[in-house]
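Asker: Structure below; questions to follow.
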Amino acid sequence: ELEQKLPEFKKDEVIAFSQSASSASTRVAMTYGSITRATLGIKEKRTTCPTYLTESELITKMEKHGIGTDASIPTHIENILKRNYSELVPGRKLQPTKLGLVLAQGYHAIDATLVLPQVRADIESECNKIAKGLADKDAVIKKALAIFAQKFAFFTQNVSKMDLLFSSSFTQLQDIGKPFTRCGLTRRYLQFITGPPPRLYNKTTEVVYPLPTGGDVKQWTGRKCPVCDFELCLYSVGQPARTFPLCPYCFNNPKKEWGDIPGDEGDGDDDDEK
């Protein structure tokens with residue numbers, strides 16, 4: 001084992017530890033004030049994903065976030081089972097179904113507050129205030145209706161995102177085609193769906209990456225985006241064709257300083273030039 005003296009630490013300072021090929025771990029000797037020494041061992045392990053929630057754990061979390069009452073919580077759990085959003089597996093654990101995962105992903109893509117517990121918890125809190133005489137019933141109802149009217153309008157305007165996710169998640173295997181490029185987050189291959197609209201689909205995370213229309217998308221094997229580590233594609237558009245490197249993730253999560261996205265407004269410009 002290697003042993004070396006450690007320099008004095010400063011606030012927010014990051015110390016890099018090196019490890020030789022002949023050593024399974026590194027021991028570091030540290031002296032500070034009256035403390036004689038300490039050792040630090042480095043071990044390589046793998047993390048594991050958390051298990052599914054049991055019914056009792058779900059009830060505990062619902063109570064923590066103020067969702068439901070003692071009388072309504074069992075009904076909520078029964079409903080998600082009846083609607084096939086989740087299924088009960090051995091150990092009384094609730095395992096999300098593909099339908100439940102796709103719905104949750106779709107709501108997150110459009111309006112995450114429809115999935116997260118805060119909105120429901122706020123309404124439950126207002127109802128409790130009504131019961132205690134601390135809030136006016138008509139005012140609470142008016143406020144809730146206004147909030148959900150806005151959410152409904154926004155959701156209907158962006159429902160195409162949900163349609164896109166469902167059409168990708170429930171497309172038959174022969175319609176998806178071969179693996180196209182690697183995801184920079186999961187390192188899994190993204191499946192290319194020709195569409196319309198063309199898109200890349202991660203079967204593991206149920207995430208869809210729409211691609212620009214009006215051109216051709218080809219593989220560019222081995223090249224990675226320096227920003228997000230996604231594998232790049234080649235996007236060709238126009239006559240004569242102009243080819244651009246295309247990152248599926250950055251195309252769907254652009255930064256303002258990057259300017260216009262090729263294929264979004266470029267098609268109209270090409271037509272004007274003609």
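Letters A, B, ... go to the chains of the structure tokens in the order shown; residues in each chain start at 1; ligands are counted from 1 in the same order.
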Running DSSP on the backbone, which parts of stretch 16-255 of chain A land in strand (DSSP E or B), as an MDAnalysis selection string?
Answerer: chainID A and resid 26:29 32 35 54 86:89 93:96 179:182 189:193 199:202 207:210 216:224 231:237 242:246
Asker: Hey, can you spit out that residue selection with N, CA and C atoms as a short mmCIF file (atom, residue, chain, number, x, y, z; two decimals), in the first residue's frame?
Answerer:
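New file again-v2.cif:
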data_model
loop_
_atom_site.label_atom_id
_atom_site.label_comp_id
_atom_site.auth_asym_id
_atom_site.auth_seq_id
_atom_site.Cartn_x
_atom_site.Cartn_y
_atom_site.Cartn_z
N THR A 26 -5.48 3.12 -1.54
CA THR A 26 -4.47 4.10 -1.17
C THR A 26 -4.66 4.51 0.27
N ARG A 27 -3.59 4.46 1.06
CA ARG A 27 -3.64 4.92 2.44
C ARG A 27 -2.97 6.28 2.53
N VAL A 28 -3.63 7.20 3.18
CA VAL A 28 -3.11 8.56 3.29
C VAL A 28 -2.86 8.87 4.75
N ALA A 29 -1.62 9.26 5.10
CA ALA A 29 -1.30 9.66 6.46
C ALA A 29 -1.57 11.15 6.60
N TYR A 32 -2.60 16.81 11.86
CA TYR A 32 -3.20 18.12 12.02
C TYR A 32 -3.24 18.45 13.51
N ILE A 35 -3.57 15.98 16.61
CA ILE A 35 -3.98 14.67 16.09
C ILE A 35 -2.78 14.04 15.39
N THR A 54 -43.20 -0.05 -0.58
CA THR A 54 -44.28 -0.90 -0.09
C THR A 54 -45.51 -0.02 0.15
N SER A 86 -49.92 0.97 -11.66
CA SER A 86 -48.97 0.24 -10.84
C SER A 86 -49.55 -1.14 -10.54
N GLU A 87 -48.67 -2.05 -10.15
CA GLU A 87 -49.13 -3.39 -9.79
C GLU A 87 -48.47 -3.84 -8.49
N LEU A 88 -49.19 -4.69 -7.77
CA LEU A 88 -48.70 -5.19 -6.49
C LEU A 88 -47.85 -6.42 -6.72
N VAL A 89 -46.61 -6.38 -6.24
CA VAL A 89 -45.67 -7.48 -6.42
C VAL A 89 -45.37 -8.08 -5.05
N LYS A 93 -45.19 -4.67 -2.46
CA LYS A 93 -44.54 -3.52 -3.06
C LYS A 93 -45.31 -3.10 -4.31
N LEU A 94 -45.29 -1.80 -4.59
CA LEU A 94 -45.99 -1.24 -5.74
C LEU A 94 -44.99 -0.96 -6.86
N GLN A 95 -45.11 -1.73 -7.92
CA GLN A 95 -44.20 -1.58 -9.06
C GLN A 95 -44.91 -0.83 -10.18
N PRO A 96 -44.39 0.32 -10.63
CA PRO A 96 -45.04 1.07 -11.72
C PRO A 96 -45.09 0.24 -13.00
N PRO A 179 -30.79 0.07 -33.01
CA PRO A 179 -30.17 1.11 -32.16
C PRO A 179 -29.42 2.12 -33.03
N PHE A 180 -29.52 3.39 -32.65
CA PHE A 180 -28.99 4.45 -33.50
C PHE A 180 -27.77 5.13 -32.89
N THR A 181 -27.94 5.77 -31.75
CA THR A 181 -26.82 6.42 -31.06
C THR A 181 -26.92 6.14 -29.56
N ARG A 182 -25.83 6.42 -28.84
CA ARG A 182 -25.81 6.18 -27.39
C ARG A 182 -26.26 7.42 -26.62
N TYR A 189 -28.33 2.47 -25.85
CA TYR A 189 -28.59 2.91 -27.22
C TYR A 189 -29.98 3.53 -27.32
N LEU A 190 -30.09 4.60 -28.10
CA LEU A 190 -31.37 5.22 -28.41
C LEU A 190 -31.89 4.63 -29.71
N GLN A 191 -33.18 4.32 -29.73
CA GLN A 191 -33.81 3.75 -30.92
C GLN A 191 -34.29 4.89 -31.83
N PHE A 192 -34.06 4.75 -33.13
CA PHE A 192 -34.47 5.77 -34.09
C PHE A 192 -35.85 5.43 -34.65
N ILE A 193 -36.81 6.35 -34.48
CA ILE A 193 -38.16 6.20 -35.02
C ILE A 193 -38.31 7.24 -36.12
N ARG A 199 -37.59 10.90 -34.32
CA ARG A 199 -37.21 11.05 -32.93
C ARG A 199 -36.35 9.88 -32.49
N LEU A 200 -35.62 10.09 -31.41
CA LEU A 200 -34.86 9.04 -30.76
C LEU A 200 -35.53 8.70 -29.45
N TYR A 201 -35.54 7.41 -29.12
CA TYR A 201 -36.31 6.94 -27.96
C TYR A 201 -35.45 6.05 -27.09
N ASN A 202 -35.40 6.38 -25.79
CA ASN A 202 -34.67 5.57 -24.82
C ASN A 202 -35.64 4.62 -24.14
N VAL A 207 -37.74 8.12 -22.32
CA VAL A 207 -37.55 9.52 -22.71
C VAL A 207 -37.44 9.61 -24.23
N VAL A 208 -38.09 10.62 -24.80
CA VAL A 208 -38.08 10.82 -26.25
C VAL A 208 -37.31 12.10 -26.58
N TYR A 209 -36.48 12.03 -27.61
CA TYR A 209 -35.73 13.19 -28.08
C TYR A 209 -36.15 13.50 -29.52
N PRO A 210 -37.09 14.43 -29.72
CA PRO A 210 -37.49 14.80 -31.08
C PRO A 210 -36.31 15.36 -31.87
N ASP A 216 -32.39 15.03 -43.39
CA ASP A 216 -32.02 13.64 -43.15
C ASP A 216 -31.09 13.55 -41.95
N VAL A 217 -31.34 12.56 -41.10
CA VAL A 217 -30.50 12.31 -39.93
C VAL A 217 -29.76 11.01 -40.14
N LYS A 218 -28.43 11.06 -39.98
CA LYS A 218 -27.61 9.87 -40.16
C LYS A 218 -26.73 9.65 -38.94
N GLN A 219 -26.23 8.43 -38.82
CA GLN A 219 -25.33 8.11 -37.72
C GLN A 219 -23.96 8.74 -37.95
N TRP A 220 -23.29 9.07 -36.85
CA TRP A 220 -21.92 9.57 -36.88
C TRP A 220 -21.18 8.86 -35.76
N THR A 221 -20.94 7.59 -35.97
CA THR A 221 -20.50 6.68 -34.91
C THR A 221 -19.22 7.15 -34.24
N GLY A 222 -19.25 7.13 -32.90
CA GLY A 222 -18.04 7.40 -32.13
C GLY A 222 -17.82 8.85 -31.74
N ARG A 223 -18.50 9.79 -32.38
CA ARG A 223 -18.31 11.20 -32.05
C ARG A 223 -19.27 11.59 -30.92
N LYS A 224 -18.76 12.26 -29.90
CA LYS A 224 -19.57 12.62 -28.75
C LYS A 224 -19.65 14.14 -28.59
N GLU A 231 -23.92 10.78 -27.96
CA GLU A 231 -23.32 10.50 -29.25
C GLU A 231 -23.98 11.36 -30.32
N LEU A 232 -23.17 11.96 -31.17
CA LEU A 232 -23.67 12.89 -32.18
C LEU A 232 -24.24 12.19 -33.40
N CYS A 233 -25.17 12.88 -34.06
CA CYS A 233 -25.69 12.45 -35.36
C CYS A 233 -25.25 13.49 -36.41
N LEU A 234 -25.57 13.20 -37.66
CA LEU A 234 -25.35 14.16 -38.75
C LEU A 234 -26.71 14.54 -39.33
N TYR A 235 -26.96 15.83 -39.41
CA TYR A 235 -28.23 16.33 -39.94
C TYR A 235 -27.97 17.10 -41.23
N SER A 236 -28.58 16.63 -42.33
CA SER A 236 -28.39 17.26 -43.64
C SER A 236 -29.70 17.89 -44.08
N VAL A 237 -29.63 19.14 -44.60
CA VAL A 237 -30.84 19.85 -44.99
C VAL A 237 -30.51 20.78 -46.15
N ARG A 242 -26.63 20.84 -46.85
CA ARG A 242 -25.65 21.29 -45.86
C ARG A 242 -25.75 20.36 -44.66
N THR A 243 -24.62 19.94 -44.15
CA THR A 243 -24.59 18.95 -43.08
C THR A 243 -24.08 19.57 -41.79
N PHE A 244 -24.79 19.28 -40.69
CA PHE A 244 -24.43 19.80 -39.37
C PHE A 244 -24.29 18.66 -38.38
N PRO A 245 -23.35 18.76 -37.43
CA PRO A 245 -23.37 17.82 -36.29
C PRO A 245 -24.62 18.09 -35.46
N LEU A 246 -25.26 17.05 -34.99
CA LEU A 246 -26.51 17.19 -34.23
C LEU A 246 -26.43 16.38 -32.94
#
Asker: Near A:Gly66, counting only C-alpha atoms, which residues have an atom at most 10 Å away, once you skip same-chain residues fewer than 6 positions from it, shown as a PyMOL selection string?
Answerer: chain A and resi 60+117-118+120-125
Asker: Considering only C-alpha atoms, state which residue in the set A:Asn84, A:Thr48, A:Gln157, A:Asn128 is at the smallest distance from A:Gly68.
Answerer: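 Ranked by minimum distance to A:Gly68, first place goes to A:Asn128.
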Asker: From the options A:Gly100, A:Pro50, A:Gly91, A:Pro248, which residue's atoms come nearest to A:Leu185, counting only C-alpha atoms?
Answerer: A:Pro248
Asker: Using only C-alpha atoms, which protein or nucleic acid residues come within 12 Å of stretch 70-74 of chain A? Drop anything in the same chain fewer than 2 positions from it, and give the result as JSON, numbers by chain.
Answerer: {"A": [55, 56, 58, 59, 60, 61, 62, 63, 66, 67, 68, 76, 77, 78, 79, 80, 81, 124]}
Asker: To one decimal place in Å, what is the distance between atom CA of A:Tyr52 and atom CA of A:Leu101?
Answerer: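 Atom-to-atom, atom CA of A:Tyr52 and atom CA of A:Leu101 are spaced 13.2 Å apart.
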Asker: May I ask for the distance between atom CA of A:Leu114 and atom CA of A:Lys256, given in Å to one decimal place?
Answerer: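 It comes out at 27.0 Å.
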Asker: I'd like a table as a Markdown table: residues in stretch 20-127 of chain A with an atom no more than 8 Å from stretch 135-155 of chain A, each row giving the shortest atom pair and its distance in Å to one decimal, only C-alpha atoms counted, sorted by chain and rising residue number.
Answerer:
| residue | atom | partner | partner_atom | distance |
| --- | --- | --- | --- | --- |
| A:Ile110 | CA | A:Phe155 | CA | 6.5 |
| A:Asp111 | CA | A:Phe155 | CA | 7.2 |
| A:Ile123 | CA | A:Ala144 | CA | 7.4 |
| A:Glu126 | CA | A:Val140 | CA | 6.8 |
| A:Cys127 | CA | A:Val140 | CA | 7.9 |
Asker: Write down as a VMD selection string the residues belonging to stretch 41-222 of chain A that are assigned alpha helix (DSSP H) by DSSP computed on the backbone.
Answerer: chain A and resid 55 to 64 73 to 82 98 to 110 118 to 131 137 to 157 159 to 169 173 to 176
Asker: How many Å separate atom CA of A:Arg188 from atom CA of A:Leu116?
Answerer: 27.0 Å
Asker: Counting only C-alpha atoms, figure out which residue out of A:Lys161, A:Arg83, A:Lys132, A:Lys255 gets nearest to A:Leu99.
Answerer: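 Among A:Lys161, A:Arg83, A:Lys132, A:Lys255, it is A:Arg83 that comes nearest to A:Leu99.
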